[in-house]
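Participant: I'd like to ask some things about the structure below.
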Amino acid sequence: MKKVFLICILIFSVSFLFSKELKYKIKGPSYNKQIYDDNNNQITNFANWERIDGLYVSPDNTKMLVWHRPDKARAYLITLYDLKTNSIIAECEPGMACSGVRWTNNYLIYIWRTTGGGTRFEYRNYNTLAVEKTIQAYFPFESEPDNILIGASFNYCENDIVFYDFSNGTQLKTINLIKELEQKDIYVSGTFVTDIKQIGTRKYQFDVSYYLNMEGMEDKEFQIQLEFEI
């Protein structure tokens, strides 16, 4: 009896493991592509010649966001699916191409690159896909272990480093690089960040280039490393 019980536990554990590792793939003839799971369950029900350019599955395997375009349509759509019921939760036109998706407890974060070289993080409602808040970051750095998003500038006219709570988009701290350098008796006309590294728990190293506010030195670029903790 004990052996039977142990075998049942083993079978259940293996079944649970495989259920957590379902993969999703695009299959079908060229004119009718659809998304299926590993058990060949069809998730989407697109019309012929629908173009599927991206699919993103939540870590808990309960939701999927699909970036797609109907045949002859000018705009792409994003559609959020409930994978437990294989039903659509919400759909909308995002406006810009999808560069990535992040899943948090309260928001689906839709990421796209701006024409000016920055990155936009849109915090979207899980029920409606409506944008509830946005973060514009020209030099973004994501720290998943610390739940921190850093926005820094690569434009010497913008001199702030901004720290956000990644999960909800709340601004935590802003550091002005010109003021930080003034404390080191370095007086500059502008700064920009060239690299960011995590060097500890909620501790980061920034490679910063700057131009001195000094006659005859305006066009010479200097570098410095700065460390900040949040």
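Going through the structure tokens in order, the chains are called A, B, and so on, while each chain numbers its residues from 1 and the ligands are numbered from 1 in the order shown.
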Which parts of region 8-145 of chain A does DSSP call strand (DSSP E or B) when run on the backbone here, written out as a ChimeraX atom specification?
Facilitator: /A:24-27,34-37,42,51-57,63-69,77-82,87-92,100-103,108-113,119-124,131-137,139-143
Participant: Find the residues near region 190-206 of chain A: any atom within 9 Å, counting only C-alpha atoms, skip ones fewer than 3 places away on the same chain, and give them as a PDB file with N, CA, C and O atoms, in the first residue's frame.
Facilitator:
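Full text of selection19.pdb as output:
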```
ATOM      1  N   PHE A 139      18.268  55.499 -21.083  1.00  0.00           N
ATOM      2  CA  PHE A 139      19.291  54.475 -20.878  1.00  0.00           C
ATOM      3  C   PHE A 139      18.756  53.561 -19.776  1.00  0.00           C
ATOM      4  O   PHE A 139      19.148  53.663 -18.619  1.00  0.00           O
ATOM      5  N   PRO A 140      17.823  52.643 -20.116  1.00  0.00           N
ATOM      6  CA  PRO A 140      17.180  51.834 -19.081  1.00  0.00           C
ATOM      7  C   PRO A 140      18.059  50.695 -18.591  1.00  0.00           C
ATOM      8  O   PRO A 140      18.828  50.117 -19.347  1.00  0.00           O
ATOM      9  N   PHE A 141      17.930  50.416 -17.302  1.00  0.00           N
ATOM     10  CA  PHE A 141      18.624  49.281 -16.708  1.00  0.00           C
ATOM     11  C   PHE A 141      17.630  48.596 -15.776  1.00  0.00           C
ATOM     12  O   PHE A 141      17.070  49.226 -14.873  1.00  0.00           O
ATOM     13  N   SER A 143      16.847  45.738 -12.934  1.00  0.00           N
ATOM     14  CA  SER A 143      17.393  44.836 -11.926  1.00  0.00           C
ATOM     15  C   SER A 143      16.233  44.024 -11.365  1.00  0.00           C
ATOM     16  O   SER A 143      15.498  44.493 -10.496  1.00  0.00           O
ATOM     17  N   PRO A 145      16.316  41.182  -9.494  1.00  0.00           N
ATOM     18  CA  PRO A 145      16.430  40.799  -8.078  1.00  0.00           C
ATOM     19  C   PRO A 145      16.050  41.933  -7.130  1.00  0.00           C
ATOM     20  O   PRO A 145      15.489  41.687  -6.057  1.00  0.00           O
ATOM     21  N   ASP A 146      16.370  43.178  -7.502  1.00  0.00           N
ATOM     22  CA  ASP A 146      16.087  44.309  -6.629  1.00  0.00           C
ATOM     23  C   ASP A 146      14.754  44.982  -6.929  1.00  0.00           C
ATOM     24  O   ASP A 146      14.362  45.920  -6.235  1.00  0.00           O
ATOM     25  N   ASN A 147      14.078  44.524  -7.981  1.00  0.00           N
ATOM     26  CA  ASN A 147      12.824  45.152  -8.416  1.00  0.00           C
ATOM     27  C   ASN A 147      13.038  46.641  -8.684  1.00  0.00           C
ATOM     28  O   ASN A 147      12.241  47.497  -8.279  1.00  0.00           O
ATOM     29  N   ILE A 148      14.132  46.956  -9.370  1.00  0.00           N
ATOM     30  CA  ILE A 148      14.487  48.349  -9.652  1.00  0.00           C
ATOM     31  C   ILE A 148      14.604  48.555 -11.160  1.00  0.00           C
ATOM     32  O   ILE A 148      15.180  47.736 -11.869  1.00  0.00           O
ATOM     33  N   ALA A 152      18.412  56.490 -17.120  1.00  0.00           N
ATOM     34  CA  ALA A 152      19.515  57.455 -17.181  1.00  0.00           C
ATOM     35  C   ALA A 152      19.577  58.035 -18.582  1.00  0.00           C
ATOM     36  O   ALA A 152      19.023  57.472 -19.525  1.00  0.00           O
ATOM     37  N   SER A 153      20.246  59.157 -18.722  1.00  0.00           N
ATOM     38  CA  SER A 153      20.268  59.863 -19.998  1.00  0.00           C
ATOM     39  C   SER A 153      21.558  59.593 -20.749  1.00  0.00           C
ATOM     40  O   SER A 153      22.621  59.468 -20.158  1.00  0.00           O
ATOM     41  N   PHE A 154      21.432  59.518 -22.092  1.00  0.00           N
ATOM     42  CA  PHE A 154      22.642  59.534 -22.911  1.00  0.00           C
ATOM     43  C   PHE A 154      22.733  60.840 -23.691  1.00  0.00           C
ATOM     44  O   PHE A 154      23.511  60.966 -24.622  1.00  0.00           O
ATOM     45  N   ASN A 155      21.937  61.807 -23.296  1.00  0.00           N
ATOM     46  CA  ASN A 155      21.955  63.143 -23.902  1.00  0.00           C
ATOM     47  C   ASN A 155      22.581  64.105 -22.890  1.00  0.00           C
ATOM     48  O   ASN A 155      22.114  64.215 -21.761  1.00  0.00           O
ATOM     49  N   TYR A 156      23.653  64.804 -23.280  1.00  0.00           N
ATOM     50  CA  TYR A 156      24.387  65.604 -22.300  1.00  0.00           C
ATOM     51  C   TYR A 156      23.574  66.774 -21.757  1.00  0.00           C
ATOM     52  O   TYR A 156      23.960  67.403 -20.781  1.00  0.00           O
ATOM     53  N   CYS A 157      22.417  67.064 -22.367  1.00  0.00           N
ATOM     54  CA  CYS A 157      21.560  68.149 -21.863  1.00  0.00           C
ATOM     55  C   CYS A 157      20.649  67.681 -20.730  1.00  0.00           C
ATOM     56  O   CYS A 157      20.046  68.494 -20.042  1.00  0.00           O
ATOM     57  N   GLU A 158      20.516  66.367 -20.565  1.00  0.00           N
ATOM     58  CA  GLU A 158      19.668  65.819 -19.507  1.00  0.00           C
ATOM     59  C   GLU A 158      20.578  65.073 -18.535  1.00  0.00           C
ATOM     60  O   GLU A 158      21.255  64.134 -18.911  1.00  0.00           O
ATOM     61  N   ASN A 159      20.537  65.465 -17.295  1.00  0.00           N
ATOM     62  CA  ASN A 159      21.593  65.042 -16.375  1.00  0.00           C
ATOM     63  C   ASN A 159      21.089  64.277 -15.151  1.00  0.00           C
ATOM     64  O   ASN A 159      21.787  64.196 -14.152  1.00  0.00           O
ATOM     65  N   ASP A 160      19.899  63.693 -15.243  1.00  0.00           N
ATOM     66  CA  ASP A 160      19.329  62.993 -14.096  1.00  0.00           C
ATOM     67  C   ASP A 160      19.400  61.481 -14.265  1.00  0.00           C
ATOM     68  O   ASP A 160      19.253  60.957 -15.371  1.00  0.00           O
ATOM     69  N   ILE A 161      19.601  60.802 -13.131  1.00  0.00           N
ATOM     70  CA  ILE A 161      19.411  59.360 -13.027  1.00  0.00           C
ATOM     71  C   ILE A 161      18.192  59.153 -12.136  1.00  0.00           C
ATOM     72  O   ILE A 161      18.135  59.704 -11.032  1.00  0.00           O
ATOM     73  N   LEU A 177      23.342  64.501 -11.878  1.00  0.00           N
ATOM     74  CA  LEU A 177      24.770  64.235 -12.028  1.00  0.00           C
ATOM     75  C   LEU A 177      25.611  65.502 -11.953  1.00  0.00           C
ATOM     76  O   LEU A 177      26.750  65.470 -11.470  1.00  0.00           O
ATOM     77  N   ILE A 178      25.091  66.616 -12.422  1.00  0.00           N
ATOM     78  CA  ILE A 178      25.850  67.867 -12.341  1.00  0.00           C
ATOM     79  C   ILE A 178      26.110  68.225 -10.878  1.00  0.00           C
ATOM     80  O   ILE A 178      27.226  68.596 -10.494  1.00  0.00           O
ATOM     81  N   SER A 209      30.163  60.128 -18.786  1.00  0.00           N
ATOM     82  CA  SER A 209      30.997  61.059 -19.557  1.00  0.00           C
ATOM     83  C   SER A 209      30.504  62.474 -19.300  1.00  0.00           C
ATOM     84  O   SER A 209      29.310  62.705 -19.080  1.00  0.00           O
ATOM     85  N   TYR A 210      31.442  63.438 -19.331  1.00  0.00           N
ATOM     86  CA  TYR A 210      31.044  64.813 -19.060  1.00  0.00           C
ATOM     87  C   TYR A 210      31.954  65.786 -19.802  1.00  0.00           C
ATOM     88  O   TYR A 210      33.054  65.437 -20.246  1.00  0.00           O
ATOM     89  N   TYR A 211      31.470  67.008 -19.927  1.00  0.00           N
ATOM     90  CA  TYR A 211      32.215  68.102 -20.551  1.00  0.00           C
ATOM     91  C   TYR A 211      32.400  69.202 -19.514  1.00  0.00           C
ATOM     92  O   TYR A 211      31.444  69.609 -18.848  1.00  0.00           O
ATOM     93  N   LEU A 212      33.628  69.665 -19.370  1.00  0.00           N
ATOM     94  CA  LEU A 212      33.925  70.693 -18.377  1.00  0.00           C
ATOM     95  C   LEU A 212      33.351  72.044 -18.786  1.00  0.00           C
ATOM     96  O   LEU A 212      33.347  72.416 -19.959  1.00  0.00           O
ATOM     97  N   ASN A 213      32.871  72.744 -17.782  1.00  0.00           N
ATOM     98  CA  ASN A 213      32.373  74.104 -17.999  1.00  0.00           C
ATOM     99  C   ASN A 213      33.556  75.074 -17.852  1.00  0.00           C
ATOM    100  O   ASN A 213      33.641  75.854 -16.914  1.00  0.00           O
ATOM    101  N   ILE A 224      34.157  59.357 -15.749  1.00  0.00           N
ATOM    102  CA  ILE A 224      34.261  59.076 -14.326  1.00  0.00           C
ATOM    103  C   ILE A 224      33.306  57.947 -13.975  1.00  0.00           C
ATOM    104  O   ILE A 224      32.300  57.753 -14.660  1.00  0.00           O
ATOM    105  N   GLN A 225      33.622  57.186 -12.928  1.00  0.00           N
ATOM    106  CA  GLN A 225      32.726  56.158 -12.429  1.00  0.00           C
ATOM    107  C   GLN A 225      32.121  56.625 -11.105  1.00  0.00           C
ATOM    108  O   GLN A 225      32.847  57.081 -10.219  1.00  0.00           O
ATOM    109  N   LEU A 226      30.811  56.503 -11.002  1.00  0.00           N
ATOM    110  CA  LEU A 226      30.097  56.891  -9.798  1.00  0.00           C
ATOM    111  C   LEU A 226      29.292  55.713  -9.300  1.00  0.00           C
ATOM    112  O   LEU A 226      28.782  54.910 -10.091  1.00  0.00           O
ATOM    113  N   GLU A 227      29.169  55.591  -7.968  1.00  0.00           N
ATOM    114  CA  GLU A 227      28.402  54.517  -7.373  1.00  0.00           C
ATOM    115  C   GLU A 227      27.272  55.110  -6.540  1.00  0.00           C
ATOM    116  O   GLU A 227      27.461  56.070  -5.786  1.00  0.00           O
ATOM    117  N   PHE A 228      26.073  54.518  -6.701  1.00  0.00           N
ATOM    118  CA  PHE A 228      24.901  54.942  -5.942  1.00  0.00           C
ATOM    119  C   PHE A 228      24.163  53.738  -5.395  1.00  0.00           C
ATOM    120  O   PHE A 228      24.124  52.685  -6.024  1.00  0.00           O
ATOM    121  N   GLU A 229      23.585  53.936  -4.219  1.00  0.00           N
ATOM    122  CA  GLU A 229      22.820  52.881  -3.569  1.00  0.00           C
ATOM    123  C   GLU A 229      21.408  53.386  -3.338  1.00  0.00           C
ATOM    124  O   GLU A 229      21.204  54.545  -2.992  1.00  0.00           O
ATOM    125  N   ILE A 230      20.435  52.534  -3.556  1.00  0.00           N
ATOM    126  CA  ILE A 230      19.053  52.942  -3.406  1.00  0.00           C
ATOM    127  C   ILE A 230      18.397  52.180  -2.258  1.00  0.00           C
ATOM    128  O   ILE A 230      18.670  51.002  -2.048  1.00  0.00           O
TER     129      ILE A 230
END
```
Participant: With only C-alpha atoms as the atoms that count, which of A:Asp53, A:Asp207, A:Glu180, A:Asp185 lies nearest to Tyr76 (chain A)?
Facilitator: A:Asp53
Participant: Could you work out how far CA of Leu65 (chain A) lies from CA of Leu80 (chain A), giving the answer in Å with one decimal?
Facilitator: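 Interatomic distance, CA of Leu80 (chain A) to CA of Leu65 (chain A): 4.5 Å.
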Participant: Between CA of Tyr36 (chain A) and CA of Leu55 (chain A), what is the spacing in Å?
Facilitator: 11.3 Å
Participant: Restricting the calculation to only C-alpha atoms, which member of A:Ile111, A:Thr44, A:Tyr123, A:Thr79 is positioned closest to Cys92 (chain A)?
Facilitator: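 Checking each candidate against Cys92 (chain A), we get A:Thr79 as the closest.
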Participant: Taking into account only C-alpha atoms, which residue in the set A:Lys27, A:Arg124, A:Arg102, A:Arg51 is nearest to Lys72 (chain A)?
Facilitator: A:Arg51
Participant: With only C-alpha atoms as the basis for distance, which of A:Ser87, A:Thr128, A:Gln34, A:Gln183 is at the shortest distance from His68 (chain A)?
Facilitator: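 Closest to His68 (chain A), using only C-alpha atoms: A:Gln34.
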Participant: With distances taken over only C-alpha atoms, which of A:Lys84, A:Arg120, A:Arg74, A:Lys184 is nearest to Gly169 (chain A)?
Facilitator: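 Distance minimum relative to Gly169 (chain A) lands on A:Arg120.
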